[in-house]
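The structure appears right after this line, and notes come after that.
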Amino acid sequence: MLATLVDIWRARPEFPFDYARYGELLAVFSIAYAVSAPFMGWFLDRVGLTRGMCLSVAVWALASFGSAGVHSFGALLWWRALLGAAEASGVSAMGKVSGGYLLPEERALGAATQQLGLSIGAGLAPRFAVFFAYGYSWRWTFATAGALSLAWIPVWIATARLIPPGVQPEAQKSASSMALLRDFRLWALAGANALGMTVYSLWTNWAPSYLIRTYRLTPPQAARYTWIIPLSAYFGAFAGGYVSYLWIRRGMEAVRARRRTCLLSASAALITAALPWIPTPALATAGISASFFLVTAWSTNLYTIPVDLYGAARAAFGVSVLVCAYGAMQALISRPLGSIIELYGFRPVCLALAFLPLASCALLYVRGFAGHTQSS
């Protein structure tokens with residue numbers, strides 16, 4: 001929603017905005033996201049999935065309501081920082097769900113199913129933002145999102161009671177979550193995530209602006225194309241999960257199967273470098289979707305490796321370190337990225353970022369990486 005509102009704000013005097021400010025907004029969100037992620041992972045492992053997530057979602061609903069009422073850029077920064085802190089629990093919680101409900105060969109497919117929710121929400125978001133911004137007020141975009149977040153809480157509580165996890169974390173004997181910080185494999189995963197997720201960050205935050213700036217579209221025109229881009233992420237996650245599922249079912253060790261899938265996906269994601277030379281917005285949308293498809297196939301497997309290595313009891317914290325790395329990376333690159341896009345467009349960005357997912361795979365093949373894994 002925010003990525004669509006940026007270009008709506010740029011065209012109106014009510015809330016002056018430019019891409020550099022958008023980069024600053026992403027950076028502040030990402031700093032809060034990165035700093036909060038390890039604490040959120042520890043918190044979820046400590047208090048349990050349902051209590052931890054219900055509290056987190058309530059806070060990010062509050063941040064959405066706060067964003068709806070802002071009248072200055074500074075106030076918006078504060079509310080987006082709170083949102084980043086609360087949303088840092090989301091990916092870690094998905095890792096904990098996978099560890100508690102799924103067998104090792106099923107976990108990446110489970111992550112793909114979780115990606116479906118992200119894809120549907122992100123696919124609806126541009127039209128959602130355009131509908132309220134042009135029909136009512138952009139403030140209703142945030143307010144409605146907050147209300148939908150609150151509505152999720154009782155649905156999850158009812159679901160968790162009806163379908164308890166098959167693996168109770170307390171049944172797994174393991175060291176404390178913080179002890180994972182001494183495992184070099186976790187740091188290798190964090191470094192790989194920081195490198196490879198640059199492409200994911202690009203299309204999550206900049207896809208509407210890419211089409212608007214490159215092809216001179218209006219925000220409503222861009223929204224006709226951008227809805228499909230997040231859906232490609234779901235199909236990419238499913239494809240990546242299915243490939244590793246097949247290899248594990250054939251007897252390959254889980255971490256090895258996920259590393260191989262990451263390498264295959266990252267190699268194909270080099271097509272990102274060719275996107276600036278695509279002549280039409282429809283073909284560009286197809287190219288962006290292919291790039292997003294491949295990097296999500298890569299990330300689905302990468303985010304499942306901590307669950308394989310550490311089991312359900314410490315899954316949230318293990319995944320949270322990757323979330324922290326993603327947030328730190330996005331905080332570091334967002335403002336410079338906004339300035340580069342403002343001055344030079346997207347061509348240098350696509351050329352530079354295309355090679356990073358492949359470079360990240362080198363960290364997954366350091367000696368002794370695979371090690372021992374925990375199964376459900």
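Identifiers in the structure tokens: chain A, B, ... in order shown; residue index from 1 per chain; ligand index from 1 in order shown.
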
Would you please give, as a PyMOL selection string, all residues of stretch 26-259 of chain A that DSSP assigns to alpha helix (DSSP H) based on the backbone? chain A and resi 26-47+49-68+73-87+89-101+107-135+139-162+184-215+219-226+228-249+254-259

Would you list the contacts of A:Glu24 as an mmCIF file with C-alpha atoms, in the first residue's frame, taking every protein, DNA or RNA residue within 10 Å and counting only C-alpha atoms, but skipping same-chain residues closer than 6 positions in sequence?
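The new file part.cif reads:
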```cif
data_model
loop_
_atom_site.group_PDB
_atom_site.id
_atom_site.type_symbol
_atom_site.label_atom_id
_atom_site.label_comp_id
_atom_site.auth_asym_id
_atom_site.auth_seq_id
_atom_site.Cartn_x
_atom_site.Cartn_y
_atom_site.Cartn_z
ATOM 1 C CA SER A 30 13.788 -1.468 8.531
ATOM 2 C CA LEU A 77 8.285 8.016 10.526
ATOM 3 C CA ALA A 331 17.736 0.060 6.314
ATOM 4 C CA LEU A 332 21.210 0.419 4.822
ATOM 5 C CA ILE A 333 20.235 0.523 1.151
ATOM 6 C CA SER A 334 16.803 2.181 1.087
ATOM 7 C CA ARG A 335 17.742 5.852 1.260
ATOM 8 C CA PRO A 336 20.707 5.574 -1.162
ATOM 9 C CA LEU A 337 18.493 3.489 -3.440
ATOM 10 C CA GLY A 338 15.824 6.205 -3.415
ATOM 11 C CA SER A 339 18.389 8.856 -4.307
#
```

Skipping near chain neighbours, those fewer than 3 positions away, what residues fall within 7 Å of A:Phe142 using only C-alpha atoms, listed as a ChimeraX atom specification? /A:64-65,67-68,139,145-146

Nearby residues (only C-alpha atoms) at most 8 Å from stretch 340-349 of chain A, same-chain spacing under 3 positions excluded, as a VMD selection string: chain A and resid 19 to 20 210 213 to 214 276 336 to 337 352 to 353

Dump of N, CA and C atoms for the selected residues, as a PDB file, in the first residue's frame:
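out_11.pdb was written with the following content:
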```
ATOM      1  N   TYR A  19      11.131  10.332  -3.764  1.00  0.00           N
ATOM      2  CA  TYR A  19      11.678   8.991  -3.591  1.00  0.00           C
ATOM      3  C   TYR A  19      12.739   8.933  -2.496  1.00  0.00           C
ATOM      4  N   ALA A  20      13.481  10.013  -2.311  1.00  0.00           N
ATOM      5  CA  ALA A  20      14.480  10.029  -1.244  1.00  0.00           C
ATOM      6  C   ALA A  20      13.803   9.908   0.127  1.00  0.00           C
ATOM      7  N   TYR A 210       8.619   1.633 -10.232  1.00  0.00           N
ATOM      8  CA  TYR A 210       9.352   1.205 -11.427  1.00  0.00           C
ATOM      9  C   TYR A 210       8.499   1.425 -12.672  1.00  0.00           C
ATOM     10  N   ARG A 213       7.683   5.354 -13.178  1.00  0.00           N
ATOM     11  CA  ARG A 213       8.807   6.167 -13.644  1.00  0.00           C
ATOM     12  C   ARG A 213       9.297   5.722 -15.025  1.00  0.00           C
ATOM     13  N   THR A 214       9.392   4.424 -15.242  1.00  0.00           N
ATOM     14  CA  THR A 214       9.976   3.912 -16.484  1.00  0.00           C
ATOM     15  C   THR A 214       9.044   4.089 -17.667  1.00  0.00           C
ATOM     16  N   PRO A 276      15.698  -3.605 -17.373  1.00  0.00           N
ATOM     17  CA  PRO A 276      15.587  -2.209 -17.845  1.00  0.00           C
ATOM     18  C   PRO A 276      15.479  -2.052 -19.357  1.00  0.00           C
ATOM     19  N   PRO A 336      19.884   5.436   0.041  1.00  0.00           N
ATOM     20  CA  PRO A 336      20.707   5.574  -1.162  1.00  0.00           C
ATOM     21  C   PRO A 336      20.003   5.086  -2.427  1.00  0.00           C
ATOM     22  N   LEU A 337      19.226   4.007  -2.288  1.00  0.00           N
ATOM     23  CA  LEU A 337      18.493   3.489  -3.440  1.00  0.00           C
ATOM     24  C   LEU A 337      17.496   4.522  -3.953  1.00  0.00           C
ATOM     25  N   ALA A 352      23.027  -3.877 -10.592  1.00  0.00           N
ATOM     26  CA  ALA A 352      23.829  -4.141  -9.389  1.00  0.00           C
ATOM     27  C   ALA A 352      23.256  -5.266  -8.538  1.00  0.00           C
ATOM     28  N   LEU A 353      21.930  -5.297  -8.406  1.00  0.00           N
ATOM     29  CA  LEU A 353      21.319  -6.252  -7.476  1.00  0.00           C
ATOM     30  C   LEU A 353      21.159  -7.644  -8.056  1.00  0.00           C
TER      31      LEU A 353
END
```

Excluding A:Thr50 and its own-chain neighbours fewer than 4 positions away, which residues fall within 12 Å of it when counting only C-alpha atoms? Please give them as a list in words. Phe43, Leu44, Asp45, Arg46, Cys54, Leu55, Ser56, Val57, Ser89, Gly90, Ala93, Met94, Lys96, Val97, Trp152, Ile153, Pro154, Val155, Trp156, Ile157, Ala158, Thr159, Ala160, Arg161, Pro164 and Pro165 of chain A

Output the selection as a compact mmCIF listing (two decimals), in the first residue's frame - N, CA and C atoms for each residue.
```txt
# COMPACT_ATOMS: atom_id res chain seq x y z
N PHE A 43 10.94 -13.80 22.16
CA PHE A 43 9.65 -13.61 22.81
C PHE A 43 8.66 -14.70 22.39
N LEU A 44 8.60 -15.02 21.10
CA LEU A 44 7.69 -16.05 20.61
C LEU A 44 8.07 -17.42 21.17
N ASP A 45 9.37 -17.73 21.19
CA ASP A 45 9.80 -19.00 21.77
C ASP A 45 9.47 -19.05 23.26
N ARG A 46 9.49 -17.92 23.93
CA ARG A 46 9.30 -17.86 25.38
C ARG A 46 7.82 -17.96 25.78
N CYS A 54 -0.70 -12.64 18.76
CA CYS A 54 -1.88 -11.79 18.98
C CYS A 54 -1.46 -10.42 19.51
N LEU A 55 -0.50 -10.39 20.42
CA LEU A 55 -0.01 -9.11 20.93
C LEU A 55 0.68 -8.32 19.82
N SER A 56 1.49 -9.00 19.02
CA SER A 56 2.21 -8.32 17.93
C SER A 56 1.25 -7.71 16.92
N VAL A 57 0.25 -8.48 16.52
CA VAL A 57 -0.70 -7.99 15.52
C VAL A 57 -1.53 -6.83 16.07
N SER A 89 7.86 -9.83 14.10
CA SER A 89 7.48 -11.14 14.63
C SER A 89 6.91 -12.06 13.56
N GLY A 90 6.46 -11.52 12.43
CA GLY A 90 5.67 -12.30 11.49
C GLY A 90 6.39 -13.47 10.87
N ALA A 93 7.33 -16.14 13.34
CA ALA A 93 6.16 -16.95 13.72
C ALA A 93 5.86 -18.01 12.66
N MET A 94 6.04 -17.65 11.39
CA MET A 94 5.80 -18.64 10.33
C MET A 94 6.80 -19.79 10.44
N LYS A 96 8.06 -20.86 13.21
CA LYS A 96 7.62 -21.65 14.37
C LYS A 96 6.41 -22.53 14.01
N VAL A 97 5.52 -22.00 13.18
CA VAL A 97 4.40 -22.80 12.69
C VAL A 97 4.90 -24.01 11.92
N TRP A 152 -8.09 -10.36 12.39
CA TRP A 152 -7.35 -11.62 12.29
C TRP A 152 -7.20 -12.31 13.64
N ILE A 153 -7.11 -11.54 14.73
CA ILE A 153 -6.75 -12.10 16.03
C ILE A 153 -7.75 -13.17 16.49
N PRO A 154 -9.07 -12.91 16.55
CA PRO A 154 -9.97 -13.98 17.00
C PRO A 154 -10.01 -15.18 16.05
N VAL A 155 -9.78 -14.94 14.76
CA VAL A 155 -9.74 -16.06 13.81
C VAL A 155 -8.58 -16.99 14.15
N TRP A 156 -7.40 -16.40 14.44
CA TRP A 156 -6.25 -17.24 14.79
C TRP A 156 -6.47 -17.98 16.10
N ILE A 157 -7.02 -17.30 17.10
CA ILE A 157 -7.24 -17.95 18.40
C ILE A 157 -8.14 -19.17 18.23
N ALA A 158 -9.22 -19.03 17.46
CA ALA A 158 -10.14 -20.15 17.24
C ALA A 158 -9.44 -21.27 16.48
N THR A 159 -8.65 -20.92 15.49
CA THR A 159 -7.96 -21.94 14.69
C THR A 159 -6.94 -22.70 15.53
N ALA A 160 -6.18 -21.97 16.36
CA ALA A 160 -5.15 -22.62 17.18
C ALA A 160 -5.77 -23.60 18.18
N ARG A 161 -6.97 -23.29 18.66
CA ARG A 161 -7.64 -24.20 19.59
C ARG A 161 -8.15 -25.45 18.88
N PRO A 164 -4.32 -28.00 17.22
CA PRO A 164 -3.05 -27.81 17.95
C PRO A 164 -1.88 -28.37 17.15
N PRO A 165 -0.66 -27.86 17.38
CA PRO A 165 0.50 -28.36 16.64
C PRO A 165 0.81 -29.81 16.98
```

Quick one: everything within 9 Å of A:Tyr242, counting only C-alpha atoms, minus sequence neighbours fewer than 2 positions away in the same chain. Send it as a list of chain:residue names. A:Glu106, A:Ala108, A:Leu109, A:Ala112, A:Ala237, A:Phe238, A:Ala239, A:Gly240, A:Ser244, A:Tyr245, A:Leu246, A:Trp247

For the contact check between stretch 115-199 of chain A and stretch 6-17 of chain A, emit one row per residue of stretch 115-199 of chain A within 10 Å, containing the shortest atom pair and the distance in Å rounded to one decimal, counting only C-alpha atoms, chain then rising number order, as a tab-separated table.
```
residue	atom	partner	partner_atom	distance
A:Ala129	CA	A:Ile8	CA	9.3
A:Val130	CA	A:Ile8	CA	8.4
A:Ala133	CA	A:Ile8	CA	7.8
A:Tyr134	CA	A:Ile8	CA	9.0
A:Trp138	CA	A:Ile8	CA	8.8
```

Could you write out that same residue set with N, CA, C and O atoms as a PDB file, in the first residue's frame?
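Here's the written file part.pdb:
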```pdb
ATOM      1  N   ALA A 129      -5.227   0.720  -2.122  1.00  0.00           N
ATOM      2  CA  ALA A 129      -4.762   2.084  -1.878  1.00  0.00           C
ATOM      3  C   ALA A 129      -5.383   3.070  -2.853  1.00  0.00           C
ATOM      4  O   ALA A 129      -5.810   4.173  -2.467  1.00  0.00           O
ATOM      5  N   VAL A 130      -5.459   2.688  -4.138  1.00  0.00           N
ATOM      6  CA  VAL A 130      -6.051   3.567  -5.150  1.00  0.00           C
ATOM      7  C   VAL A 130      -7.529   3.806  -4.865  1.00  0.00           C
ATOM      8  O   VAL A 130      -8.036   4.927  -4.982  1.00  0.00           O
ATOM      9  N   ALA A 133      -7.670   6.218  -1.794  1.00  0.00           N
ATOM     10  CA  ALA A 133      -7.017   7.506  -2.035  1.00  0.00           C
ATOM     11  C   ALA A 133      -7.785   8.359  -3.040  1.00  0.00           C
ATOM     12  O   ALA A 133      -7.880   9.581  -2.890  1.00  0.00           O
ATOM     13  N   TYR A 134      -8.358   7.745  -4.057  1.00  0.00           N
ATOM     14  CA  TYR A 134      -9.082   8.499  -5.080  1.00  0.00           C
ATOM     15  C   TYR A 134     -10.575   8.610  -4.773  1.00  0.00           C
ATOM     16  O   TYR A 134     -11.222   9.579  -5.172  1.00  0.00           O
ATOM     17  N   TRP A 138      -6.603   9.026   1.407  1.00  0.00           N
ATOM     18  CA  TRP A 138      -5.541   8.048   1.602  1.00  0.00           C
ATOM     19  C   TRP A 138      -5.478   7.562   3.045  1.00  0.00           C
ATOM     20  O   TRP A 138      -4.996   6.457   3.320  1.00  0.00           O
TER      21      TRP A 138
END
```

So which one's closest to A:Arg314, A:Asn301, A:Thr226, A:Asn193, A:Ser92? Using only C-alpha atoms, please.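 Comparing A:Asn301, A:Thr226, A:Asn193, A:Ser92 against A:Arg314, the winner is A:Ser92.
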
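Excluding A:Ser289 and any residue on its chain fewer than 5 positions from it, the residues at most 8 Å away by only C-alpha atoms are Ile228, Ile229, Pro230, Ser232 and Ala233 of chain A.
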
Could you work out how far atom CA of A:Gly196 lies from atom CA of A:Val295, giving the answer in Å with one decimal? 7.6 Å

Distance table requested - stretch 173-218 of chain A against stretch 253-270 of chain A, cut-off 12 Å, only C-alpha atoms: one row per qualifying residue with the closest atom pair and its distance in Å to one decimal, ordered by chain and rising residue number, as a tab-separated table.
```
residue	atom	partner	partner_atom	distance
A:Arg185	CA	A:Val255	CA	11.4
A:Leu189	CA	A:Arg259	CA	10.7
A:Ala192	CA	A:Cys262	CA	10.5
A:Asn193	CA	A:Cys262	CA	11.1
A:Leu195	CA	A:Ala266	CA	11.2
A:Gly196	CA	A:Ala266	CA	8.1
A:Met197	CA	A:Ala266	CA	10.7
A:Thr198	CA	A:Ala269	CA	11.9
A:Val199	CA	A:Ala269	CA	9.0
A:Tyr200	CA	A:Ala269	CA	10.9
```

Residues from last step as file, N, CA, C and O atoms, as a PDB file, in the first residue's frame:
```pdb
ATOM      1  N   ARG A 185      26.837 -21.249  11.534  1.00  0.00           N
ATOM      2  CA  ARG A 185      25.893 -21.482  10.432  1.00  0.00           C
ATOM      3  C   ARG A 185      24.785 -20.442  10.429  1.00  0.00           C
ATOM      4  O   ARG A 185      24.319 -20.025   9.364  1.00  0.00           O
ATOM      5  N   LEU A 189      23.873 -17.912   7.356  1.00  0.00           N
ATOM      6  CA  LEU A 189      22.518 -17.738   6.827  1.00  0.00           C
ATOM      7  C   LEU A 189      22.104 -16.270   6.844  1.00  0.00           C
ATOM      8  O   LEU A 189      21.477 -15.777   5.908  1.00  0.00           O
ATOM      9  N   ALA A 192      23.875 -14.507   4.010  1.00  0.00           N
ATOM     10  CA  ALA A 192      23.260 -14.876   2.736  1.00  0.00           C
ATOM     11  C   ALA A 192      21.928 -14.161   2.548  1.00  0.00           C
ATOM     12  O   ALA A 192      21.596 -13.691   1.450  1.00  0.00           O
ATOM     13  N   ASN A 193      21.168 -14.066   3.622  1.00  0.00           N
ATOM     14  CA  ASN A 193      19.866 -13.408   3.532  1.00  0.00           C
ATOM     15  C   ASN A 193      20.018 -11.921   3.225  1.00  0.00           C
ATOM     16  O   ASN A 193      19.274 -11.364   2.410  1.00  0.00           O
ATOM     17  N   LEU A 195      22.346 -10.458   1.555  1.00  0.00           N
ATOM     18  CA  LEU A 195      22.725 -10.274   0.159  1.00  0.00           C
ATOM     19  C   LEU A 195      21.557 -10.575  -0.783  1.00  0.00           C
ATOM     20  O   LEU A 195      21.197  -9.759  -1.641  1.00  0.00           O
ATOM     21  N   GLY A 196      20.985 -11.745  -0.649  1.00  0.00           N
ATOM     22  CA  GLY A 196      20.003 -12.194  -1.628  1.00  0.00           C
ATOM     23  C   GLY A 196      18.674 -11.480  -1.570  1.00  0.00           C
ATOM     24  O   GLY A 196      18.004 -11.309  -2.601  1.00  0.00           O
ATOM     25  N   MET A 197      18.277 -11.038  -0.385  1.00  0.00           N
ATOM     26  CA  MET A 197      16.958 -10.412  -0.249  1.00  0.00           C
ATOM     27  C   MET A 197      16.924  -8.979  -0.770  1.00  0.00           C
ATOM     28  O   MET A 197      15.884  -8.318  -0.696  1.00  0.00           O
ATOM     29  N   THR A 198      18.036  -8.481  -1.289  1.00  0.00           N
ATOM     30  CA  THR A 198      18.015  -7.157  -1.922  1.00  0.00           C
ATOM     31  C   THR A 198      17.035  -7.118  -3.088  1.00  0.00           C
ATOM     32  O   THR A 198      16.327  -6.127  -3.284  1.00  0.00           O
ATOM     33  N   VAL A 199      16.986  -8.188  -3.878  1.00  0.00           N
ATOM     34  CA  VAL A 199      16.058  -8.239  -5.016  1.00  0.00           C
ATOM     35  C   VAL A 199      14.621  -8.334  -4.514  1.00  0.00           C
ATOM     36  O   VAL A 199      13.716  -7.697  -5.057  1.00  0.00           O
ATOM     37  N   TYR A 200      14.395  -9.114  -3.463  1.00  0.00           N
ATOM     38  CA  TYR A 200      13.059  -9.203  -2.863  1.00  0.00           C
ATOM     39  C   TYR A 200      12.610  -7.825  -2.374  1.00  0.00           C
ATOM     40  O   TYR A 200      11.467  -7.404  -2.598  1.00  0.00           O
TER      41      TYR A 200
END
```

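Between atom CA of A:Thr300 and atom CA of A:Phe235 the interatomic distance comes to 11.0 Å.
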